[in-house]
Amino acid sequence: MPLTNAQYDSIMREYALRRNASRLELEERLRSIHAAIPSLAPLEDAITVCQAEKVKAAVSQNTEHLRKLEEQLGGLMEKRNALLAEHRLQPEDLEIRCICPKCRDTGYVDGKKCHCFLQAEIDLLYHQSHLKDVLEKENFQTFSYSWYEGEDKELMRRNVAEVRLFIENFDRSFQNLLLLGAVGTGKTFLSNCIAKELMDTCHSVVYLTAFQLFDLLSKAAFGSGREAQGYQQTYPYIFDCDLLIIDDLGTELSNSFTVSQFFLCINERILRKKSTLISSNLNMESLRDIYSERTLSRIISYYTIRQLPGKDIRIKKKLHTNT
């Protein structure tokens with residue numbers, strides 16, 4: 001569904017509050033720094049004057065004067081940085097600290113919506129506030145290997161290492177993940193770990209169960225009038241978010257529509273180089289039988305596939321709680 005004016009204004013007010021809070025924090029931080037280093041303020045004033053003179057010299061195309069000013073500015077900044085270093089500070093400590101460094105808490109980068117704005121839209125449109133509550137409980141800080149034993153534990157360590165590499169290289173390389181395993185082996189938990197890490201770094205994440213995804217696509221295709229149009233306008237969030245998580249693939253009622261839409265979804269995101277994470281209780285043979293050889297070929301070609309070991313952890317936890 002598209003944002004209403006009230007929803008858009010709500011998001012922009014949040015950005016304004018962020019910027020104001022950051023500005024007040026910077027003012028307080030600078031007062032503390034200047035009180036501790038009295039000689040810093042005159043240096044900063046001299047740097048500001050020199051920078052202004054540089055602009056004038058560049059406009060007037062006074063090359064010789066500009067060269068001298070650049071040397072002077074370089075010397076002043078070296079003195080300032082050395083003074084900061086003496087007090088275990090960095091030049092960045094004199095700058096405003098934004099929650100999202102990409103858009104500097106404006107919501108836009110080069111006239112386009114930032115990733116963090118897209119995530120704010122997703123939170124409103126998909127009512128994902130519950131997901132954030134889940135992520136407070138299911139993340140790498142609460143992840144435990146104690147539910148795995150022997151070779152299963154070592155295999156899970158390798159899987160987690162692979163997942164951390166996925167997160168670390170997320171902005172540097174296009175990659176996708178397929179997590180396979182029996183019911184209760186931690187696929188959803190591990191997916192939530194990934195979601196939290198990426199959302200904490202201002203990436204947009206859409207989390208949908210397979211049932212929710214196909215239900216949404218079905219309503220967009222077969223709904224009537226305004227309802228169908230509204231669901232069709234959710235396509236950008238499914239196809240353009242930084243990470244789409246499709247949980248429990250195979251639990252939906254499979255038919256020709258879901259099969260074709262699943263291929264469309266993963267293929268379109270591959271073409272757009274947008275990462276997708278899929279979890280499923282199915283094995284590779286079942287995936288091929290249900291979703292076609294063509295779909296499986298795309299997954300094999302573009303996805304890192306990991307098998308999660310062990311038995312139902314939820315049952316183990318329940319038994320542990322009852323003992």
# chains A, B, ... in the order shown; residues from 1 in each chain; ligands from 1
>>> select_by_dssp(residues="region 229-267 of chain A", states="helix (DSSP H, G or I)", output="compact mmCIF listing (two decimals) with N, CA and C atoms, in the first residue's frame")
# COMPACT_ATOMS: atom_id res chain seq x y z
N GLN A 229 -5.02 -2.78 -6.76
CA GLN A 229 -4.07 -1.70 -7.06
C GLN A 229 -3.18 -1.41 -5.86
N GLY A 230 -3.77 -1.43 -4.68
CA GLY A 230 -2.99 -1.18 -3.48
C GLY A 230 -1.93 -2.23 -3.26
N TYR A 231 -2.28 -3.50 -3.44
CA TYR A 231 -1.30 -4.56 -3.26
C TYR A 231 -0.23 -4.53 -4.35
N GLN A 232 -0.61 -4.14 -5.56
CA GLN A 232 0.37 -4.04 -6.64
C GLN A 232 1.44 -3.00 -6.32
N TYR A 235 4.80 -4.01 -4.67
CA TYR A 235 5.86 -4.67 -5.41
C TYR A 235 7.24 -4.05 -5.21
N PRO A 236 7.35 -2.71 -5.26
CA PRO A 236 8.69 -2.13 -5.06
C PRO A 236 9.36 -2.57 -3.77
N TYR A 237 8.58 -2.77 -2.71
CA TYR A 237 9.17 -3.16 -1.44
C TYR A 237 9.66 -4.61 -1.48
N ILE A 238 8.95 -5.45 -2.22
CA ILE A 238 9.36 -6.85 -2.35
C ILE A 238 10.57 -6.98 -3.26
N PHE A 239 10.58 -6.24 -4.35
CA PHE A 239 11.64 -6.40 -5.34
C PHE A 239 12.85 -5.49 -5.11
N ASP A 240 12.69 -4.40 -4.36
CA ASP A 240 13.78 -3.44 -4.23
C ASP A 240 14.40 -3.36 -2.84
N SER A 256 0.00 -23.83 -9.43
CA SER A 256 0.71 -23.25 -10.57
C SER A 256 1.01 -21.76 -10.37
N PHE A 257 0.10 -21.08 -9.65
CA PHE A 257 0.33 -19.66 -9.40
C PHE A 257 1.51 -19.43 -8.48
N THR A 258 1.57 -20.15 -7.36
CA THR A 258 2.68 -19.95 -6.42
C THR A 258 4.01 -20.33 -7.06
N VAL A 259 4.00 -21.39 -7.87
CA VAL A 259 5.23 -21.84 -8.53
C VAL A 259 5.75 -20.76 -9.47
N SER A 260 4.86 -20.20 -10.29
CA SER A 260 5.28 -19.18 -11.25
C SER A 260 5.70 -17.89 -10.54
N GLN A 261 4.98 -17.53 -9.48
CA GLN A 261 5.30 -16.30 -8.75
C GLN A 261 6.60 -16.42 -7.98
N PHE A 262 6.88 -17.60 -7.47
CA PHE A 262 8.15 -17.81 -6.77
C PHE A 262 9.32 -17.63 -7.72
N PHE A 263 9.21 -18.20 -8.92
CA PHE A 263 10.29 -18.02 -9.91
C PHE A 263 10.41 -16.55 -10.28
N LEU A 264 9.28 -15.88 -10.51
CA LEU A 264 9.30 -14.46 -10.85
C LEU A 264 10.01 -13.65 -9.77
N CYS A 265 9.69 -13.95 -8.52
CA CYS A 265 10.23 -13.19 -7.40
C CYS A 265 11.75 -13.34 -7.30
N ILE A 266 12.22 -14.59 -7.28
CA ILE A 266 13.67 -14.79 -7.10
C ILE A 266 14.43 -14.37 -8.35
N ASN A 267 13.85 -14.57 -9.52
CA ASN A 267 14.53 -14.19 -10.75
C ASN A 267 14.64 -12.68 -10.89
>>> residues_around(residues="Glu138 (chain A)", least_positions_apart="3", cutoff="9 Å", atoms="only C-alpha atoms", output="list in words")
Asp133, Val134, Leu135, Gln141, Thr142, Phe143, Phe189, Leu190, Asn192, Cys193 and Lys196 of chain A
>>> write_last_selection(atoms="all heavy atoms", output="compact mmCIF listing (two decimals), in the first residue's frame")
# COMPACT_ATOMS: atom_id res chain seq x y z
N ASP A 133 10.43 -6.59 17.94
CA ASP A 133 10.36 -7.21 19.27
C ASP A 133 10.99 -8.60 19.25
O ASP A 133 11.71 -8.98 20.18
CB ASP A 133 8.89 -7.33 19.72
CG ASP A 133 8.26 -5.97 19.97
OD1 ASP A 133 9.01 -5.02 20.25
OD2 ASP A 133 7.03 -5.86 19.86
N VAL A 134 10.74 -9.34 18.17
CA VAL A 134 11.33 -10.68 18.04
C VAL A 134 12.85 -10.58 17.96
O VAL A 134 13.57 -11.37 18.58
CB VAL A 134 10.78 -11.39 16.78
CG1 VAL A 134 11.55 -12.68 16.51
CG2 VAL A 134 9.31 -11.69 16.94
N LEU A 135 13.34 -9.58 17.21
CA LEU A 135 14.79 -9.45 17.02
C LEU A 135 15.52 -9.08 18.30
O LEU A 135 16.72 -9.32 18.42
CB LEU A 135 15.08 -8.41 15.93
CG LEU A 135 14.52 -8.72 14.54
CD1 LEU A 135 15.03 -7.71 13.53
CD2 LEU A 135 14.88 -10.13 14.11
N GLN A 141 23.59 -12.21 19.91
CA GLN A 141 23.91 -12.13 21.33
C GLN A 141 23.18 -13.21 22.14
O GLN A 141 23.66 -13.65 23.19
CB GLN A 141 23.57 -10.75 21.90
CG GLN A 141 24.57 -9.66 21.54
CD GLN A 141 24.63 -9.36 20.06
OE1 GLN A 141 23.59 -9.19 19.43
NE2 GLN A 141 25.83 -9.32 19.50
N THR A 142 22.03 -13.64 21.65
CA THR A 142 21.26 -14.66 22.37
C THR A 142 21.40 -16.05 21.73
O THR A 142 20.84 -17.02 22.24
CB THR A 142 19.76 -14.29 22.42
OG1 THR A 142 19.25 -14.20 21.08
CG2 THR A 142 19.57 -12.95 23.13
N PHE A 143 22.13 -16.12 20.62
CA PHE A 143 22.33 -17.39 19.94
C PHE A 143 23.23 -18.30 20.79
O PHE A 143 24.21 -17.83 21.38
CB PHE A 143 22.97 -17.19 18.57
CG PHE A 143 23.16 -18.45 17.78
CD1 PHE A 143 22.14 -18.93 16.97
CD2 PHE A 143 24.33 -19.18 17.87
CE1 PHE A 143 22.30 -20.10 16.25
CE2 PHE A 143 24.50 -20.35 17.15
CZ PHE A 143 23.48 -20.81 16.34
N PHE A 189 15.55 -18.56 13.46
CA PHE A 189 16.38 -17.83 14.43
C PHE A 189 17.59 -17.22 13.72
O PHE A 189 17.91 -16.04 13.92
CB PHE A 189 16.84 -18.79 15.53
CG PHE A 189 17.39 -18.11 16.76
CD1 PHE A 189 16.70 -18.13 17.95
CD2 PHE A 189 18.61 -17.42 16.71
CE1 PHE A 189 17.20 -17.50 19.09
CE2 PHE A 189 19.12 -16.78 17.83
CZ PHE A 189 18.41 -16.83 19.02
N LEU A 190 18.25 -18.01 12.88
CA LEU A 190 19.42 -17.51 12.17
C LEU A 190 19.03 -16.42 11.18
O LEU A 190 19.77 -15.44 11.01
CB LEU A 190 20.11 -18.67 11.45
CG LEU A 190 21.59 -18.51 11.10
CD1 LEU A 190 22.40 -18.11 12.31
CD2 LEU A 190 22.13 -19.79 10.47
N ASN A 192 16.61 -14.33 11.63
CA ASN A 192 16.39 -13.15 12.46
C ASN A 192 17.70 -12.49 12.86
O ASN A 192 17.79 -11.26 12.97
CB ASN A 192 15.57 -13.52 13.69
CG ASN A 192 14.12 -13.80 13.36
OD1 ASN A 192 13.61 -13.37 12.34
ND2 ASN A 192 13.45 -14.55 14.22
N CYS A 193 18.73 -13.30 13.11
CA CYS A 193 20.05 -12.75 13.42
C CYS A 193 20.55 -11.89 12.27
O CYS A 193 21.07 -10.78 12.48
CB CYS A 193 21.05 -13.89 13.68
SG CYS A 193 20.79 -14.81 15.21
N LYS A 196 18.45 -8.58 11.97
CA LYS A 196 18.80 -7.57 12.97
C LYS A 196 20.10 -6.87 12.63
O LYS A 196 20.20 -5.64 12.71
CB LYS A 196 18.89 -8.19 14.37
CG LYS A 196 19.27 -7.17 15.45
CD LYS A 196 19.07 -7.67 16.82
CE LYS A 196 19.57 -6.73 17.91
NZ LYS A 196 19.40 -5.31 17.64
>>> closest_residue(among="A:Ile47, A:Cys98, A:Cys241, A:Leu89", to="Gly75 (chain A)", atoms="only C-alpha atoms")
A:Ile47
>>> closest_residue(among="A:Val55, A:Val109, A:Ala120, A:Leu243", to="Met12 (chain A)", atoms="only C-alpha atoms")
A:Ala120
>>> closest_residue(among="A:Ser218, A:Asn81, A:Thr304, A:Ser254", to="Leu178 (chain A)", atoms="only C-alpha atoms")
A:Thr304
>>> closest_residue(among="A:Glu44, A:Asp93, A:His115, A:Gln61", to="Ser32 (chain A)", atoms="only C-alpha atoms")
A:Asp93
>>> residues_around(residues="Arg97 (chain A)", least_positions_apart="4", cutoff="12 Å", atoms="only C-alpha atoms", output="VMD selection string")
chain A and resid 18 to 27 29 92 to 93 101 to 105
>>> write_last_selection(atoms="N, CA and C atoms", output="JSON list (two decimals), in the first residue's frame")
[["chain", "number", "residue", "atom", "x", "y", "z"],
["A", 18, "ARG", "N", 15.47, 13.23, 14.90],
["A", 18, "ARG", "CA", 16.82, 12.64, 14.93],
["A", 18, "ARG", "C", 17.88, 13.73, 14.75],
["A", 19, "ARG", "N", 17.66, 14.59, 13.73],
["A", 19, "ARG", "CA", 18.65, 15.64, 13.45],
["A", 19, "ARG", "C", 18.78, 16.61, 14.62],
["A", 20, "ASN", "N", 17.65, 16.96, 15.21],
["A", 20, "ASN", "CA", 17.67, 17.88, 16.33],
["A", 20, "ASN", "C", 18.41, 17.27, 17.52],
["A", 21, "ALA", "N", 18.14, 15.98, 17.79],
["A", 21, "ALA", "CA", 18.81, 15.29, 18.89],
["A", 21, "ALA", "C", 20.31, 15.21, 18.64],
["A", 22, "SER", "N", 20.69, 14.94, 17.39],
["A", 22, "SER", "CA", 22.12, 14.86, 17.05],
["A", 22, "SER", "C", 22.80, 16.21, 17.19],
["A", 23, "ARG", "N", 22.08, 17.28, 16.79],
["A", 23, "ARG", "CA", 22.65, 18.62, 16.90],
["A", 23, "ARG", "C", 22.87, 19.00, 18.36],
["A", 24, "LEU", "N", 21.88, 18.71, 19.22],
["A", 24, "LEU", "CA", 22.02, 19.02, 20.64],
["A", 24, "LEU", "C", 23.15, 18.21, 21.27],
["A", 25, "GLU", "N", 23.27, 16.94, 20.85],
["A", 25, "GLU", "CA", 24.35, 16.10, 21.38],
["A", 25, "GLU", "C", 25.70, 16.64, 20.97],
["A", 26, "LEU", "N", 25.82, 17.12, 19.71],
["A", 26, "LEU", "CA", 27.08, 17.68, 19.23],
["A", 26, "LEU", "C", 27.43, 18.95, 20.01],
["A", 27, "GLU", "N", 26.45, 19.81, 20.23],
["A", 27, "GLU", "CA", 26.71, 21.05, 20.98],
["A", 27, "GLU", "C", 27.24, 20.75, 22.38],
["A", 29, "ARG", "N", 28.73, 17.96, 23.34],
["A", 29, "ARG", "CA", 30.04, 17.32, 23.21],
["A", 29, "ARG", "C", 31.12, 18.36, 22.95],
["A", 92, "GLU", "N", 36.74, 13.28, 13.86],
["A", 92, "GLU", "CA", 35.32, 12.91, 13.79],
["A", 92, "GLU", "C", 34.57, 13.26, 15.08],
["A", 93, "ASP", "N", 35.31, 13.41, 16.19],
["A", 93, "ASP", "CA", 34.66, 13.75, 17.46],
["A", 93, "ASP", "C", 34.13, 15.18, 17.46],
["A", 101, "PRO", "N", 24.52, 7.27, 8.43],
["A", 101, "PRO", "CA", 25.54, 8.10, 7.81],
["A", 101, "PRO", "C", 25.35, 8.28, 6.31],
["A", 102, "LYS", "N", 24.56, 7.40, 5.68],
["A", 102, "LYS", "CA", 24.38, 7.49, 4.23],
["A", 102, "LYS", "C", 23.58, 8.73, 3.84],
["A", 103, "CYS", "N", 22.48, 8.97, 4.53],
["A", 103, "CYS", "CA", 21.63, 10.13, 4.20],
["A", 103, "CYS", "C", 21.76, 11.25, 5.23],
["A", 104, "ARG", "N", 22.57, 11.00, 6.27],
["A", 104, "ARG", "CA", 22.76, 11.96, 7.36],
["A", 104, "ARG", "C", 21.41, 12.35, 7.97],
["A", 105, "ASP", "N", 20.57, 11.34, 8.12],
["A", 105, "ASP", "CA", 19.26, 11.48, 8.77],
["A", 105, "ASP", "C", 18.35, 12.48, 8.07]]
>>> closest_residue(among="A:Leu40, A:Gly107, A:Pro91, A:Gly223", to="Ala16 (chain A)", atoms="only C-alpha atoms")
A:Gly107
>>> atom_distance(atom1="CA of Tyr8 (chain A)", atom2="CA of Ser204 (chain A)")
16.8 Å
>>> decode(residues="region 174-257 of chain A", atoms="C-alpha atoms", output="mmCIF file, in the first residue's frame")
data_model
loop_
_atom_site.group_PDB
_atom_site.id
_atom_site.type_symbol
_atom_site.label_atom_id
_atom_site.label_comp_id
_atom_site.auth_asym_id
_atom_site.auth_seq_id
_atom_site.Cartn_x
_atom_site.Cartn_y
_atom_site.Cartn_z
ATOM 1 C CA PHE A 174 25.711 -9.746 -4.480
ATOM 2 C CA GLN A 175 24.819 -12.935 -2.621
ATOM 3 C CA ASN A 176 21.833 -15.028 -1.588
ATOM 4 C CA LEU A 177 21.262 -17.708 1.045
ATOM 5 C CA LEU A 178 19.165 -20.866 1.191
ATOM 6 C CA LEU A 179 18.895 -22.393 4.669
ATOM 7 C CA LEU A 180 17.628 -25.976 4.728
ATOM 8 C CA GLY A 181 16.882 -28.178 7.718
ATOM 9 C CA ALA A 182 14.270 -30.066 9.657
ATOM 10 C CA VAL A 183 11.606 -28.291 11.686
ATOM 11 C CA GLY A 184 13.027 -26.433 14.678
ATOM 12 C CA THR A 185 16.717 -26.563 13.743
ATOM 13 C CA GLY A 186 17.164 -22.787 13.982
ATOM 14 C CA LYS A 187 16.542 -21.550 10.430
ATOM 15 C CA THR A 188 14.176 -18.769 11.468
ATOM 16 C CA PHE A 189 16.377 -17.834 14.430
ATOM 17 C CA LEU A 190 19.421 -17.514 12.168
ATOM 18 C CA SER A 191 17.370 -15.511 9.645
ATOM 19 C CA ASN A 192 16.388 -13.146 12.459
ATOM 20 C CA CYS A 193 20.053 -12.754 13.419
ATOM 21 C CA ILE A 194 20.811 -11.639 9.865
ATOM 22 C CA ALA A 195 17.789 -9.324 9.753
ATOM 23 C CA LYS A 196 18.798 -7.568 12.973
ATOM 24 C CA GLU A 197 22.416 -7.043 11.918
ATOM 25 C CA LEU A 198 21.375 -5.523 8.585
ATOM 26 C CA MET A 199 18.538 -3.417 9.996
ATOM 27 C CA ASP A 200 20.925 -2.073 12.653
ATOM 28 C CA THR A 201 23.132 -0.793 9.804
ATOM 29 C CA CYS A 202 20.207 0.930 8.041
ATOM 30 C CA HIS A 203 19.536 -1.734 5.411
ATOM 31 C CA SER A 204 15.944 -2.361 4.379
ATOM 32 C CA VAL A 205 14.669 -5.836 5.195
ATOM 33 C CA VAL A 206 11.301 -7.361 4.315
ATOM 34 C CA TYR A 207 10.462 -10.512 6.269
ATOM 35 C CA LEU A 208 7.558 -12.624 4.987
ATOM 36 C CA THR A 209 6.576 -16.227 5.478
ATOM 37 C CA ALA A 210 5.982 -18.048 2.217
ATOM 38 C CA PHE A 211 2.257 -18.011 2.981
ATOM 39 C CA GLN A 212 2.286 -14.216 3.502
ATOM 40 C CA LEU A 213 4.285 -13.621 0.311
ATOM 41 C CA PHE A 214 2.032 -15.676 -1.936
ATOM 42 C CA ASP A 215 -1.101 -14.328 -0.275
ATOM 43 C CA LEU A 216 0.066 -10.790 -1.002
ATOM 44 C CA LEU A 217 0.928 -11.636 -4.625
ATOM 45 C CA SER A 218 -2.397 -13.441 -5.038
ATOM 46 C CA LYS A 219 -4.372 -10.432 -3.827
ATOM 47 C CA ALA A 220 -2.400 -8.189 -6.175
ATOM 48 C CA ALA A 221 -3.188 -10.483 -9.116
ATOM 49 C CA PHE A 222 -6.767 -11.510 -8.387
ATOM 50 C CA GLY A 223 -8.097 -8.817 -6.064
ATOM 51 C CA SER A 224 -10.683 -6.378 -7.298
ATOM 52 C CA GLY A 225 -10.318 -2.696 -8.086
ATOM 53 C CA ARG A 226 -8.642 -0.499 -5.508
ATOM 54 C CA GLU A 227 -7.590 -3.441 -3.322
ATOM 55 C CA ALA A 228 -5.628 -5.051 -6.148
ATOM 56 C CA GLN A 229 -4.072 -1.704 -7.060
ATOM 57 C CA GLY A 230 -2.993 -1.179 -3.479
ATOM 58 C CA TYR A 231 -1.297 -4.560 -3.258
ATOM 59 C CA GLN A 232 0.367 -4.037 -6.641
ATOM 60 C CA GLN A 233 1.997 -0.937 -5.203
ATOM 61 C CA THR A 234 3.766 -3.127 -2.637
ATOM 62 C CA TYR A 235 5.862 -4.674 -5.414
ATOM 63 C CA PRO A 236 8.687 -2.130 -5.065
ATOM 64 C CA TYR A 237 9.172 -3.163 -1.440
ATOM 65 C CA ILE A 238 9.358 -6.845 -2.347
ATOM 66 C CA PHE A 239 11.640 -6.395 -5.338
ATOM 67 C CA ASP A 240 13.777 -3.440 -4.230
ATOM 68 C CA CYS A 241 14.416 -3.958 -0.508
ATOM 69 C CA ASP A 242 18.037 -4.742 0.364
ATOM 70 C CA LEU A 243 17.128 -8.164 1.743
ATOM 71 C CA LEU A 244 13.964 -10.198 1.233
ATOM 72 C CA ILE A 245 13.513 -13.047 3.717
ATOM 73 C CA ILE A 246 11.112 -15.801 2.633
ATOM 74 C CA ASP A 247 10.599 -18.034 5.653
ATOM 75 C CA ASP A 248 9.224 -21.583 5.658
ATOM 76 C CA LEU A 249 9.082 -22.076 1.907
ATOM 77 C CA GLY A 250 7.005 -25.172 1.223
ATOM 78 C CA THR A 251 4.457 -24.635 3.989
ATOM 79 C CA GLU A 252 2.174 -22.707 1.631
ATOM 80 C CA LEU A 253 -0.477 -24.393 -0.499
ATOM 81 C CA SER A 254 1.433 -25.002 -3.709
ATOM 82 C CA ASN A 255 -0.192 -24.529 -7.118
ATOM 83 C CA SER A 256 0.714 -23.248 -10.574
ATOM 84 C CA PHE A 257 0.325 -19.655 -9.403
#
